[in-house]
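Okay, query_34.pdb now, which holds PDB, C-alpha atoms and all ligand atoms:
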ATOM      1  CA  MET A   1     -27.585  -4.282  11.669  1.00  0.00           C
ATOM      2  CA  LEU A   2     -26.686  -7.752  12.847  1.00  0.00           C
ATOM      3  CA  LYS A   3     -23.093  -7.130  11.838  1.00  0.00           C
ATOM      4  CA  ALA A   4     -23.084  -3.909  13.842  1.00  0.00           C
ATOM      5  CA  ARG A   5     -24.464  -5.738  16.882  1.00  0.00           C
ATOM      6  CA  ILE A   6     -21.843  -8.436  16.633  1.00  0.00           C
ATOM      7  CA  GLN A   7     -19.197  -5.734  16.275  1.00  0.00           C
ATOM      8  CA  THR A   8     -20.455  -4.075  19.443  1.00  0.00           C
ATOM      9  CA  ALA A   9     -20.491  -7.381  21.291  1.00  0.00           C
ATOM     10  CA  VAL A  10     -16.955  -8.092  20.139  1.00  0.00           C
ATOM     11  CA  SER A  11     -15.713  -4.716  21.309  1.00  0.00           C
ATOM     12  CA  LEU A  12     -17.352  -5.261  24.704  1.00  0.00           C
ATOM     13  CA  ILE A  13     -15.458  -8.488  25.131  1.00  0.00           C
ATOM     14  CA  TYR A  14     -12.278  -7.168  23.534  1.00  0.00           C
ATOM     15  CA  PRO A  15     -12.193  -3.411  24.009  1.00  0.00           C
ATOM     16  CA  PRO A  16      -9.942  -1.951  21.311  1.00  0.00           C
ATOM     17  CA  ARG A  17      -6.336  -1.383  22.207  1.00  0.00           C
ATOM     18  CA  CYS A  18      -3.823   1.047  20.769  1.00  0.00           C
ATOM     19  CA  LEU A  19      -1.833  -0.713  18.038  1.00  0.00           C
ATOM     20  CA  ALA A  20       1.385   0.951  19.105  1.00  0.00           C
ATOM     21  CA  CYS A  21       1.402   0.911  22.933  1.00  0.00           C
ATOM     22  CA  GLY A  22      -1.389  -1.503  23.859  1.00  0.00           C
ATOM     23  CA  ASP A  23      -3.319   1.015  25.961  1.00  0.00           C
ATOM     24  CA  TRP A  24      -7.114   0.845  25.922  1.00  0.00           C
ATOM     25  CA  VAL A  25      -8.678   3.190  23.403  1.00  0.00           C
ATOM     26  CA  ASP A  26     -12.331   4.123  23.173  1.00  0.00           C
ATOM     27  CA  SER A  27     -12.600   4.132  19.392  1.00  0.00           C
ATOM     28  CA  ASP A  28     -11.698   1.764  16.593  1.00  0.00           C
ATOM     29  CA  PHE A  29      -9.270   4.313  15.207  1.00  0.00           C
ATOM     30  CA  GLY A  30      -6.251   2.154  15.968  1.00  0.00           C
ATOM     31  CA  LEU A  31      -4.108   4.492  18.040  1.00  0.00           C
ATOM     32  CA  CYS A  32      -4.376   6.300  21.366  1.00  0.00           C
ATOM     33  CA  GLY A  33      -3.990  10.080  21.390  1.00  0.00           C
ATOM     34  CA  PRO A  34      -0.279  10.233  22.282  1.00  0.00           C
ATOM     35  CA  CYS A  35       0.669   7.502  19.758  1.00  0.00           C
ATOM     36  CA  TRP A  36      -1.454   9.210  17.100  1.00  0.00           C
ATOM     37  CA  ARG A  37       0.496  12.440  17.648  1.00  0.00           C
ATOM     38  CA  ASP A  38       3.731  10.435  17.579  1.00  0.00           C
ATOM     39  CA  THR A  39       2.985   8.719  14.266  1.00  0.00           C
ATOM     40  CA  PRO A  40       4.286  10.560  11.180  1.00  0.00           C
ATOM     41  CA  PHE A  41       1.072  10.912   9.151  1.00  0.00           C
ATOM     42  CA  ILE A  42       1.494  12.844   5.912  1.00  0.00           C
ATOM     43  CA  SER A  43      -0.960  15.716   5.607  1.00  0.00           C
ATOM     44  CA  GLY A  44      -1.161  18.899   3.613  1.00  0.00           C
ATOM     45  CA  THR A  45       0.771  19.478   0.422  1.00  0.00           C
ATOM     46  CA  CYS A  46       2.284  16.336  -1.068  1.00  0.00           C
ATOM     47  CA  CYS A  47       3.952  15.006  -4.203  1.00  0.00           C
ATOM     48  CA  ASP A  48       1.458  13.811  -6.839  1.00  0.00           C
ATOM     49  CA  GLY A  49       3.890  11.090  -7.865  1.00  0.00           C
ATOM     50  CA  CYS A  50       4.747   9.393  -4.585  1.00  0.00           C
ATOM     51  CA  GLY A  51       2.817  11.184  -1.868  1.00  0.00           C
ATOM     52  CA  VAL A  52       5.808  12.485   0.074  1.00  0.00           C
ATOM     53  CA  ALA A  53       5.104  15.662   2.053  1.00  0.00           C
ATOM     54  CA  LEU A  54       6.207  18.863   0.314  1.00  0.00           C
ATOM     55  CA  MET A  55       6.735  22.374   1.586  1.00  0.00           C
ATOM     56  CA  GLY A  56       4.476  25.147   0.413  1.00  0.00           C
ATOM     57  CA  GLU A  57       0.862  25.486  -0.630  1.00  0.00           C
ATOM     58  CA  GLU A  58      -1.057  23.558  -3.245  1.00  0.00           C
ATOM     59  CA  ASP A  59      -1.747  25.795  -6.227  1.00  0.00           C
ATOM     60  CA  GLY A  60      -3.979  23.495  -8.251  1.00  0.00           C
ATOM     61  CA  PHE A  61      -1.127  22.364 -10.498  1.00  0.00           C
ATOM     62  CA  ARG A  62       0.608  19.031 -10.377  1.00  0.00           C
ATOM     63  CA  LEU A  63       3.351  19.005  -7.747  1.00  0.00           C
ATOM     64  CA  GLU A  64       6.240  16.560  -7.765  1.00  0.00           C
ATOM     65  CA  CYS A  65       9.185  15.940  -5.470  1.00  0.00           C
ATOM     66  CA  ASP A  66      12.781  15.995  -6.797  1.00  0.00           C
ATOM     67  CA  ASP A  67      12.870  12.196  -6.855  1.00  0.00           C
ATOM     68  CA  CYS A  68       9.757  11.897  -9.042  1.00  0.00           C
ATOM     69  CA  MET A  69      11.014  14.662 -11.352  1.00  0.00           C
ATOM     70  CA  ALA A  70      14.372  12.923 -11.762  1.00  0.00           C
ATOM     71  CA  HIS A  71      12.751   9.507 -12.312  1.00  0.00           C
ATOM     72  CA  PRO A  72       9.381   9.922 -14.032  1.00  0.00           C
ATOM     73  CA  ARG A  73       6.910   7.295 -12.807  1.00  0.00           C
ATOM     74  CA  PRO A  74       4.899   5.072 -15.140  1.00  0.00           C
ATOM     75  CA  TRP A  75       1.890   5.593 -12.865  1.00  0.00           C
ATOM     76  CA  GLN A  76      -0.258   8.683 -12.986  1.00  0.00           C
ATOM     77  CA  GLN A  77      -0.809   9.572  -9.358  1.00  0.00           C
ATOM     78  CA  GLY A  78       0.400   8.358  -5.989  1.00  0.00           C
ATOM     79  CA  ARG A  79      -0.363   8.917  -2.324  1.00  0.00           C
ATOM     80  CA  ALA A  80       1.148   7.746   0.968  1.00  0.00           C
ATOM     81  CA  ALA A  81      -0.398   7.818   4.432  1.00  0.00           C
ATOM     82  CA  LEU A  82       2.788   7.846   6.492  1.00  0.00           C
ATOM     83  CA  SER A  83       6.485   8.621   6.454  1.00  0.00           C
ATOM     84  CA  TYR A  84       8.379   5.397   7.013  1.00  0.00           C
ATOM     85  CA  GLU A  85       9.971   6.250  10.357  1.00  0.00           C
ATOM     86  CA  GLY A  86       9.383   5.972  14.104  1.00  0.00           C
ATOM     87  CA  THR A  87       6.028   4.501  15.093  1.00  0.00           C
ATOM     88  CA  ALA A  88       4.996   4.088  11.444  1.00  0.00           C
ATOM     89  CA  ARG A  89       8.032   1.932  10.718  1.00  0.00           C
ATOM     90  CA  ARG A  90       7.464  -0.177  13.831  1.00  0.00           C
ATOM     91  CA  LEU A  91       3.810  -0.790  12.954  1.00  0.00           C
ATOM     92  CA  ILE A  92       4.600  -1.755   9.373  1.00  0.00           C
ATOM     93  CA  LEU A  93       7.345  -4.169  10.411  1.00  0.00           C
ATOM     94  CA  ALA A  94       4.910  -5.727  12.897  1.00  0.00           C
ATOM     95  CA  LEU A  95       2.287  -6.099  10.162  1.00  0.00           C
ATOM     96  CA  LYS A  96       4.808  -7.523   7.729  1.00  0.00           C
ATOM     97  CA  HIS A  97       6.884  -9.870   9.831  1.00  0.00           C
ATOM     98  CA  GLY A  98       5.202 -10.053  13.216  1.00  0.00           C
ATOM     99  CA  ASP A  99       1.855 -11.621  12.295  1.00  0.00           C
ATOM    100  CA  ARG A 100       0.100  -8.487  13.586  1.00  0.00           C
ATOM    101  CA  THR A 101      -2.544  -8.666  10.857  1.00  0.00           C
ATOM    102  CA  GLU A 102      -4.997  -6.692  12.993  1.00  0.00           C
ATOM    103  CA  ILE A 103      -2.997  -3.599  12.034  1.00  0.00           C
ATOM    104  CA  ALA A 104      -4.207  -3.898   8.422  1.00  0.00           C
ATOM    105  CA  ARG A 105      -7.766  -2.681   8.984  1.00  0.00           C
ATOM    106  CA  PRO A 106      -7.050   0.664  10.656  1.00  0.00           C
ATOM    107  CA  ALA A 107      -3.969   1.135   8.452  1.00  0.00           C
ATOM    108  CA  ALA A 108      -6.072   0.632   5.312  1.00  0.00           C
ATOM    109  CA  ARG A 109      -8.386   3.373   6.573  1.00  0.00           C
ATOM    110  CA  TRP A 110      -5.486   5.767   7.116  1.00  0.00           C
ATOM    111  CA  LEU A 111      -4.413   4.938   3.584  1.00  0.00           C
ATOM    112  CA  ALA A 112      -7.892   5.474   2.133  1.00  0.00           C
ATOM    113  CA  ARG A 113      -7.998   8.866   3.817  1.00  0.00           C
ATOM    114  CA  ALA A 114      -4.670   9.881   2.265  1.00  0.00           C
ATOM    115  CA  ALA A 115      -5.635   8.445  -1.114  1.00  0.00           C
ATOM    116  CA  THR A 116      -9.232   9.719  -1.397  1.00  0.00           C
ATOM    117  CA  THR A 117      -8.597  11.327  -4.792  1.00  0.00           C
ATOM    118  CA  LEU A 118      -7.312   8.007  -6.157  1.00  0.00           C
ATOM    119  CA  LEU A 119     -10.596   6.241  -5.425  1.00  0.00           C
ATOM    120  CA  ALA A 120     -12.551   8.187  -8.093  1.00  0.00           C
ATOM    121  CA  ASP A 121     -13.553   6.737 -11.515  1.00  0.00           C
ATOM    122  CA  ASN A 122     -14.115   3.224 -10.195  1.00  0.00           C
ATOM    123  CA  PRO A 123     -10.552   1.871 -10.290  1.00  0.00           C
ATOM    124  CA  LEU A 124      -9.767  -1.828 -10.036  1.00  0.00           C
ATOM    125  CA  VAL A 125      -7.894  -2.353  -6.745  1.00  0.00           C
ATOM    126  CA  ALA A 126      -4.963  -4.786  -6.684  1.00  0.00           C
ATOM    127  CA  PRO A 127      -2.046  -5.468  -4.341  1.00  0.00           C
ATOM    128  CA  VAL A 128       1.629  -5.636  -5.223  1.00  0.00           C
ATOM    129  CA  PRO A 129       2.243  -9.409  -5.263  1.00  0.00           C
ATOM    130  CA  LEU A 130       4.576 -11.356  -3.027  1.00  0.00           C
ATOM    131  CA  HIS A 131       6.447 -14.220  -4.585  1.00  0.00           C
ATOM    132  CA  TRP A 132       4.729 -17.519  -3.675  1.00  0.00           C
ATOM    133  CA  SER A 133       7.773 -18.790  -1.763  1.00  0.00           C
ATOM    134  CA  ARG A 134       7.672 -15.696   0.447  1.00  0.00           C
ATOM    135  CA  PHE A 135       3.924 -16.081   0.690  1.00  0.00           C
ATOM    136  CA  LEU A 136       4.347 -19.648   1.971  1.00  0.00           C
ATOM    137  CA  ARG A 137       6.728 -18.488   4.646  1.00  0.00           C
ATOM    138  CA  ARG A 138       4.652 -15.508   5.688  1.00  0.00           C
ATOM    139  CA  ARG A 139       1.192 -16.971   4.950  1.00  0.00           C
ATOM    140  CA  TYR A 140      -0.245 -13.600   4.011  1.00  0.00           C
ATOM    141  CA  ASN A 141       0.593 -10.668   1.799  1.00  0.00           C
ATOM    142  CA  GLN A 142       0.383  -7.508   3.879  1.00  0.00           C
ATOM    143  CA  SER A 143      -0.318  -5.413   0.769  1.00  0.00           C
ATOM    144  CA  ASP A 144      -3.220  -7.680  -0.053  1.00  0.00           C
ATOM    145  CA  LEU A 145      -4.702  -7.202   3.428  1.00  0.00           C
ATOM    146  CA  LEU A 146      -4.556  -3.422   2.932  1.00  0.00           C
ATOM    147  CA  ALA A 147      -5.951  -3.558  -0.616  1.00  0.00           C
ATOM    148  CA  LYS A 148      -8.848  -5.772   0.420  1.00  0.00           C
ATOM    149  CA  VAL A 149     -10.042  -3.487   3.215  1.00  0.00           C
ATOM    150  CA  MET A 150      -9.665  -0.388   1.025  1.00  0.00           C
ATOM    151  CA  ALA A 151     -11.694  -1.962  -1.770  1.00  0.00           C
ATOM    152  CA  GLN A 152     -14.400  -3.222   0.607  1.00  0.00           C
ATOM    153  CA  ASP A 153     -14.779   0.114   2.383  1.00  0.00           C
ATOM    154  CA  ALA A 154     -14.941   2.092  -0.862  1.00  0.00           C
ATOM    155  CA  ASP A 155     -17.076  -0.551  -2.606  1.00  0.00           C
ATOM    156  CA  LEU A 156     -14.565  -0.997  -5.426  1.00  0.00           C
ATOM    157  CA  ASP A 157     -13.647  -4.025  -7.534  1.00  0.00           C
ATOM    158  CA  TYR A 158     -10.802  -5.917  -6.034  1.00  0.00           C
ATOM    159  CA  CYS A 159      -8.522  -8.450  -7.677  1.00  0.00           C
ATOM    160  CA  PRO A 160      -6.004 -10.052  -5.313  1.00  0.00           C
ATOM    161  CA  ASP A 161      -4.116 -11.929  -8.032  1.00  0.00           C
ATOM    162  CA  LEU A 162      -4.202  -9.370 -10.820  1.00  0.00           C
ATOM    163  CA  LEU A 163      -0.405  -9.396 -10.884  1.00  0.00           C
ATOM    164  CA  ARG A 164       1.976 -12.233 -10.219  1.00  0.00           C
ATOM    165  CA  ARG A 165       5.667 -12.729  -9.754  1.00  0.00           C
ATOM    166  CA  THR A 166       6.786 -14.841 -12.679  1.00  0.00           C
ATOM    167  CA  ARG A 167      10.012 -15.856 -10.978  1.00  0.00           C
ATOM    168  CA  ARG A 168      11.775 -15.260  -7.746  1.00  0.00           C
ATOM    169  CA  THR A 169      13.391 -11.850  -7.876  1.00  0.00           C
ATOM    170  CA  PRO A 170      17.139 -12.334  -7.485  1.00  0.00           C
ATOM    171  CA  SER A 171      18.839 -10.181  -4.869  1.00  0.00           C
ATOM    172  CA  LEU A 172      18.974  -6.626  -6.147  1.00  0.00           C
ATOM    173  CA  GLU A 173      21.999  -5.764  -4.093  1.00  0.00           C
ATOM    174  CA  GLY A 174      24.927  -4.350  -6.021  1.00  0.00           C
ATOM    175  CA  GLN A 175      22.746  -3.575  -9.048  1.00  0.00           C
ATOM    176  CA  ASN A 176      22.368  -0.016 -10.227  1.00  0.00           C
ATOM    177  CA  ARG A 177      18.978   1.623 -10.624  1.00  0.00           C
ATOM    178  CA  HIS A 178      18.631   0.649 -14.267  1.00  0.00           C
ATOM    179  CA  GLN A 179      19.606  -2.991 -13.659  1.00  0.00           C
ATOM    180  CA  ARG A 180      17.197  -3.229 -10.750  1.00  0.00           C
ATOM    181  CA  TYR A 181      14.353  -1.929 -12.911  1.00  0.00           C
ATOM    182  CA  THR A 182      15.127  -4.393 -15.680  1.00  0.00           C
ATOM    183  CA  THR A 183      15.306  -7.335 -13.262  1.00  0.00           C
ATOM    184  CA  LEU A 184      11.984  -6.421 -11.659  1.00  0.00           C
ATOM    185  CA  MET A 185      10.296  -5.706 -14.969  1.00  0.00           C
ATOM    186  CA  GLN A 186      11.043  -9.275 -16.074  1.00  0.00           C
ATOM    187  CA  SER A 187       9.684 -10.709 -12.822  1.00  0.00           C
ATOM    188  CA  ILE A 188       6.159  -9.268 -12.691  1.00  0.00           C
ATOM    189  CA  ALA A 189       3.266  -9.730 -15.107  1.00  0.00           C
ATOM    190  CA  ALA A 190      -0.514  -9.504 -15.160  1.00  0.00           C
ATOM    191  CA  HIS A 191      -2.388 -12.815 -14.926  1.00  0.00           C
ATOM    192  CA  LEU A 192      -3.639 -13.718 -18.393  1.00  0.00           C
ATOM    193  CA  LYS A 193      -6.951 -14.861 -16.950  1.00  0.00           C
ATOM    194  CA  HIS A 194      -7.640 -11.248 -15.889  1.00  0.00           C
ATOM    195  CA  ALA A 195      -6.960  -9.739 -19.319  1.00  0.00           C
ATOM    196  CA  GLU A 196     -10.590  -8.743 -19.809  1.00  0.00           C
ATOM    197  CA  ARG A 197     -10.902  -7.294 -16.368  1.00  0.00           C
ATOM    198  CA  ILE A 198      -7.875  -5.065 -16.685  1.00  0.00           C
ATOM    199  CA  SER A 199      -8.380  -3.867 -20.256  1.00  0.00           C
ATOM    200  CA  GLY A 200      -9.624  -0.280 -20.412  1.00  0.00           C
ATOM    201  CA  ARG A 201      -9.610   0.115 -16.615  1.00  0.00           C
ATOM    202  CA  ILE A 202      -7.738   2.341 -14.223  1.00  0.00           C
ATOM    203  CA  VAL A 203      -5.808   0.185 -11.762  1.00  0.00           C
ATOM    204  CA  LEU A 204      -5.155   1.263  -8.190  1.00  0.00           C
ATOM    205  CA  LEU A 205      -2.087  -0.578  -6.883  1.00  0.00           C
ATOM    206  CA  VAL A 206      -1.681  -0.925  -3.134  1.00  0.00           C
ATOM    207  CA  ASP A 207       1.605  -1.567  -1.340  1.00  0.00           C
ATOM    208  CA  ASP A 208       2.886  -1.249   2.207  1.00  0.00           C
ATOM    209  CA  VAL A 209       6.137   0.634   1.638  1.00  0.00           C
ATOM    210  CA  MET A 210       7.627   2.550  -1.275  1.00  0.00           C
ATOM    211  CA  THR A 211      11.396   2.999  -1.314  1.00  0.00           C
ATOM    212  CA  SER A 212      12.785   3.689  -4.804  1.00  0.00           C
ATOM    213  CA  GLY A 213       9.522   2.819  -6.511  1.00  0.00           C
ATOM    214  CA  ALA A 214      11.159   0.112  -8.660  1.00  0.00           C
ATOM    215  CA  THR A 215       8.648  -2.599  -7.727  1.00  0.00           C
ATOM    216  CA  LEU A 216       5.686  -0.273  -8.205  1.00  0.00           C
ATOM    217  CA  SER A 217       7.106   0.764 -11.587  1.00  0.00           C
ATOM    218  CA  ALA A 218       7.374  -2.853 -12.694  1.00  0.00           C
ATOM    219  CA  CYS A 219       3.820  -3.520 -11.490  1.00  0.00           C
ATOM    220  CA  SER A 220       2.523  -0.407 -13.264  1.00  0.00           C
ATOM    221  CA  GLU A 221       4.208  -1.388 -16.519  1.00  0.00           C
ATOM    222  CA  ALA A 222       2.684  -4.851 -16.234  1.00  0.00           C
ATOM    223  CA  CYS A 223      -0.797  -3.322 -15.856  1.00  0.00           C
ATOM    224  CA  LEU A 224      -0.274  -0.947 -18.783  1.00  0.00           C
ATOM    225  CA  ASP A 225       1.072  -3.796 -20.935  1.00  0.00           C
ATOM    226  CA  ALA A 226      -2.104  -5.712 -20.125  1.00  0.00           C
ATOM    227  CA  GLY A 227      -4.290  -2.849 -21.342  1.00  0.00           C
ATOM    228  CA  ALA A 228      -4.963  -0.700 -18.269  1.00  0.00           C
ATOM    229  CA  THR A 229      -5.647   2.919 -19.239  1.00  0.00           C
ATOM    230  CA  ALA A 230      -3.781   4.315 -16.239  1.00  0.00           C
ATOM    231  CA  VAL A 231      -2.297   3.235 -12.930  1.00  0.00           C
ATOM    232  CA  ARG A 232      -2.442   4.928  -9.536  1.00  0.00           C
ATOM    233  CA  VAL A 233      -0.525   3.845  -6.467  1.00  0.00           C
ATOM    234  CA  ALA A 234      -1.448   4.025  -2.789  1.00  0.00           C
ATOM    235  CA  VAL A 235       1.272   3.121  -0.312  1.00  0.00           C
ATOM    236  CA  LEU A 236       0.929   2.948   3.421  1.00  0.00           C
ATOM    237  CA  ALA A 237       4.348   4.540   3.937  1.00  0.00           C
ATOM    238  CA  ARG A 238       6.897   6.358   1.853  1.00  0.00           C
ATOM    239  CA  VAL A 239      10.601   6.092   2.714  1.00  0.00           C
ATOM    240  CA  THR A 240      12.077   9.589   2.718  1.00  0.00           C
ATOM    241  CA  HIS A 241      15.743  10.338   2.453  1.00  0.00           C
ATOM    242  CA  SER A 242      15.945  13.270   4.820  1.00  0.00           C
TER     243      SER A 242
HETATM  244 ZN    ZN A 301      -0.805   4.271  22.193  1.00  0.00          ZN
HETATM  245 ZN    ZN A 302       7.473  12.151  -5.398  1.00  0.00          ZN
END

Is it possible to express this structure as structure tokens?
Ligand SMILES: [Zn+2]
Ligand SMILES: [Zn+2]
Amino acid sequence: MLKARIQTAVSLIYPPRCLACGDWVDSDFGLCGPCWRDTPFISGTCCDGCGVALMGEEDGFRLECDDCMAHPRPWQQGRAALSYEGTARRLILALKHGDRTEIARPAARWLARAATTLLADNPLVAPVPLHWSRFLRRRYNQSDLLAKVMAQDADLDYCPDLLRRTRRTPSLEGQNRHQRYTTLMQSIAAHLKHAERISGRIVLLVDDVMTSGATLSACSEACLDAGATAVRVAVLARVTHS
């Protein structure tokens, strides 16, 4: 009640603005009407592996895109809220590099909407970790901001440091897919102090962008190695190759 009152007072002093164009908006939804229509939200039929939009109707069976069929994922299920292009790309870059942390709250809600099915069975929510040296430079992990809001809203357990980067990932440029996977696999592990927490649980990993899925694969393997029964992934945006 008090929280709601404070919220109302805050929005009277700072009426919400559209995250993309700065126009006044009358709800806390994050975007004005035109920007909402302009933002490539994924809806309808999608890949069960990575969340990319697919043509056709859902038929109750598992659907996967060509990419997920060619490269089976160590995680069980994945969803994405947005295609990484246009307004979506701009917003994510602003969240990641532009200190626009206020984008995280509405974005986490878009993600929760896309990933509703992943929230069942009381999963443990954890972000994909940033290496500490990047964290020092950036001061926050955008995936952590998203994971935290998702967990709070859905009343789920949340573990910000479930996974850690064990060393700085060397540049992956010039490495083939297999080499990149191996490099990443050796760089990410579950924190030993969370062994009990992770054992026997489903883990829901949250990240801002999925490109090849190499980082999410390494994180998933780390969770499974530490005793998780299954891993699901929710990403704010999926890079598509079209
Ligand atoms: Zn707008
Ligand atoms: Zn896919």

Using only C-alpha atoms and all ligand atoms, find each residue with an atom at most 12 Å away from ligand ZN 302 (chain A) and format the answer as a PDB file with C-alpha atoms, keeping the file's coordinate frame.
ATOM      1  CA  THR A  45       0.771  19.478   0.422  1.00  0.00           C
ATOM      2  CA  CYS A  46       2.284  16.336  -1.068  1.00  0.00           C
ATOM      3  CA  CYS A  47       3.952  15.006  -4.203  1.00  0.00           C
ATOM      4  CA  ASP A  48       1.458  13.811  -6.839  1.00  0.00           C
ATOM      5  CA  GLY A  49       3.890  11.090  -7.865  1.00  0.00           C
ATOM      6  CA  CYS A  50       4.747   9.393  -4.585  1.00  0.00           C
ATOM      7  CA  GLY A  51       2.817  11.184  -1.868  1.00  0.00           C
ATOM      8  CA  VAL A  52       5.808  12.485   0.074  1.00  0.00           C
ATOM      9  CA  ALA A  53       5.104  15.662   2.053  1.00  0.00           C
ATOM     10  CA  LEU A  54       6.207  18.863   0.314  1.00  0.00           C
ATOM     11  CA  ARG A  62       0.608  19.031 -10.377  1.00  0.00           C
ATOM     12  CA  LEU A  63       3.351  19.005  -7.747  1.00  0.00           C
ATOM     13  CA  GLU A  64       6.240  16.560  -7.765  1.00  0.00           C
ATOM     14  CA  CYS A  65       9.185  15.940  -5.470  1.00  0.00           C
ATOM     15  CA  ASP A  66      12.781  15.995  -6.797  1.00  0.00           C
ATOM     16  CA  ASP A  67      12.870  12.196  -6.855  1.00  0.00           C
ATOM     17  CA  CYS A  68       9.757  11.897  -9.042  1.00  0.00           C
ATOM     18  CA  MET A  69      11.014  14.662 -11.352  1.00  0.00           C
ATOM     19  CA  ALA A  70      14.372  12.923 -11.762  1.00  0.00           C
ATOM     20  CA  HIS A  71      12.751   9.507 -12.312  1.00  0.00           C
ATOM     21  CA  PRO A  72       9.381   9.922 -14.032  1.00  0.00           C
ATOM     22  CA  ARG A  73       6.910   7.295 -12.807  1.00  0.00           C
ATOM     23  CA  TRP A  75       1.890   5.593 -12.865  1.00  0.00           C
ATOM     24  CA  GLN A  76      -0.258   8.683 -12.986  1.00  0.00           C
ATOM     25  CA  GLN A  77      -0.809   9.572  -9.358  1.00  0.00           C
ATOM     26  CA  GLY A  78       0.400   8.358  -5.989  1.00  0.00           C
ATOM     27  CA  ARG A  79      -0.363   8.917  -2.324  1.00  0.00           C
ATOM     28  CA  ALA A  80       1.148   7.746   0.968  1.00  0.00           C
ATOM     29  CA  MET A 210       7.627   2.550  -1.275  1.00  0.00           C
ATOM     30  CA  THR A 211      11.396   2.999  -1.314  1.00  0.00           C
ATOM     31  CA  SER A 212      12.785   3.689  -4.804  1.00  0.00           C
ATOM     32  CA  GLY A 213       9.522   2.819  -6.511  1.00  0.00           C
ATOM     33  CA  VAL A 233      -0.525   3.845  -6.467  1.00  0.00           C
ATOM     34  CA  ARG A 238       6.897   6.358   1.853  1.00  0.00           C
ATOM     35  CA  VAL A 239      10.601   6.092   2.714  1.00  0.00           C
ATOM     36  CA  THR A 240      12.077   9.589   2.718  1.00  0.00           C
ATOM     37  CA  HIS A 241      15.743  10.338   2.453  1.00  0.00           C
TER      38      HIS A 241
END

Residue neighbourhood range 148-161 of chain A, 8 Å, all atoms listed in the file, exclusion window fewer than 6 positions, as a ChimeraX atom specification: /A:104-105,108-109,111-112,119,122-127,129,191

Which residues would end up in the selection if the PyMOL selection byres (((not hetatm)) within 8 of (chain A and resi 301)) were applied here, given that I need the answer as a list in words?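 For this structure, the PyMOL selection byres (((not hetatm)) within 8 of (chain A and resi 301)) resolves to Arg17, Cys18, Leu19, Ala20, Cys21, Gly22, Asp23, Leu31, Cys32, Gly33, Pro34, Cys35 and Trp36 of chain A.
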
Create the file for the chosen residues now, containing C-alpha atoms and written as a PDB file, in the coordinates of the input.
ATOM      1  CA  ARG A  17      -6.336  -1.383  22.207  1.00  0.00           C
ATOM      2  CA  CYS A  18      -3.823   1.047  20.769  1.00  0.00           C
ATOM      3  CA  LEU A  19      -1.833  -0.713  18.038  1.00  0.00           C
ATOM      4  CA  ALA A  20       1.385   0.951  19.105  1.00  0.00           C
ATOM      5  CA  CYS A  21       1.402   0.911  22.933  1.00  0.00           C
ATOM      6  CA  GLY A  22      -1.389  -1.503  23.859  1.00  0.00           C
ATOM      7  CA  ASP A  23      -3.319   1.015  25.961  1.00  0.00           C
ATOM      8  CA  LEU A  31      -4.108   4.492  18.040  1.00  0.00           C
ATOM      9  CA  CYS A  32      -4.376   6.300  21.366  1.00  0.00           C
ATOM     10  CA  GLY A  33      -3.990  10.080  21.390  1.00  0.00           C
ATOM     11  CA  PRO A  34      -0.279  10.233  22.282  1.00  0.00           C
ATOM     12  CA  CYS A  35       0.669   7.502  19.758  1.00  0.00           C
ATOM     13  CA  TRP A  36      -1.454   9.210  17.100  1.00  0.00           C
TER      14      TRP A  36
END

My list of candidates is A:Arg139, A:Ala226, A:Asn176, A:Val206. Which is closest to His194 in chain A when distances are computed with all atoms listed in the file? A:Ala226

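CA of Glu173 in chain A is positioned 27.0 Å from CA of Thr87 in chain A.
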
For this structure, which residues satisfy the selection - the PyMOL selection byres (((chain A and resi 83) around 7) and not hetatm) - when it is evaluated on the file as given? I want them as a PDB file with C-alpha atoms, in the frame of the given file.
ATOM      1  CA  PRO A  40       4.286  10.560  11.180  1.00  0.00           C
ATOM      2  CA  PHE A  41       1.072  10.912   9.151  1.00  0.00           C
ATOM      3  CA  ILE A  42       1.494  12.844   5.912  1.00  0.00           C
ATOM      4  CA  LEU A  82       2.788   7.846   6.492  1.00  0.00           C
ATOM      5  CA  TYR A  84       8.379   5.397   7.013  1.00  0.00           C
ATOM      6  CA  GLU A  85       9.971   6.250  10.357  1.00  0.00           C
ATOM      7  CA  ALA A  88       4.996   4.088  11.444  1.00  0.00           C
ATOM      8  CA  ALA A 237       4.348   4.540   3.937  1.00  0.00           C
ATOM      9  CA  ARG A 238       6.897   6.358   1.853  1.00  0.00           C
ATOM     10  CA  VAL A 239      10.601   6.092   2.714  1.00  0.00           C
ATOM     11  CA  THR A 240      12.077   9.589   2.718  1.00  0.00           C
TER      12      THR A 240
END

Box along x, y and z, 6 Å on every side, all listed atoms of range 153-168 of chain A inside: centre and edge lengths in Å to one decimal, as lines of an AutoDock Vina configuration file.
center_x = -2.7
center_y = -6.9
center_z = -5.1
size_x = 40.9
size_y = 29.9
size_z = 27.1

Test item: residues at most 10 Å from Ile202 in chain A, only C-alpha atoms, excluding those fewer than 4 positions along its chain, as a list in words: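 In the requested form, the answer reads Gln76, Leu118, Ala120, Asp121, Asn122, Pro123, Leu124, Val125, Ile198, Cys223, Leu224, Gly227, Ala228, Thr229, Ala230, Val231 and Arg232 of chain A.
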
Selection to disk with C-alpha atoms, as a tab-separated table (two decimals), in the frame of the given file:
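Result file is selection-v8.tsv:
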chain	number	residue	atom	x	y	z
A	76	GLN	CA	-0.26	8.68	-12.99
A	118	LEU	CA	-7.31	8.01	-6.16
A	120	ALA	CA	-12.55	8.19	-8.09
A	121	ASP	CA	-13.55	6.74	-11.52
A	122	ASN	CA	-14.12	3.22	-10.20
A	123	PRO	CA	-10.55	1.87	-10.29
A	124	LEU	CA	-9.77	-1.83	-10.04
A	125	VAL	CA	-7.89	-2.35	-6.74
A	198	ILE	CA	-7.88	-5.07	-16.68
A	223	CYS	CA	-0.80	-3.32	-15.86
A	224	LEU	CA	-0.27	-0.95	-18.78
A	227	GLY	CA	-4.29	-2.85	-21.34
A	228	ALA	CA	-4.96	-0.70	-18.27
A	229	THR	CA	-5.65	2.92	-19.24
A	230	ALA	CA	-3.78	4.32	-16.24
A	231	VAL	CA	-2.30	3.24	-12.93
A	232	ARG	CA	-2.44	4.93	-9.54
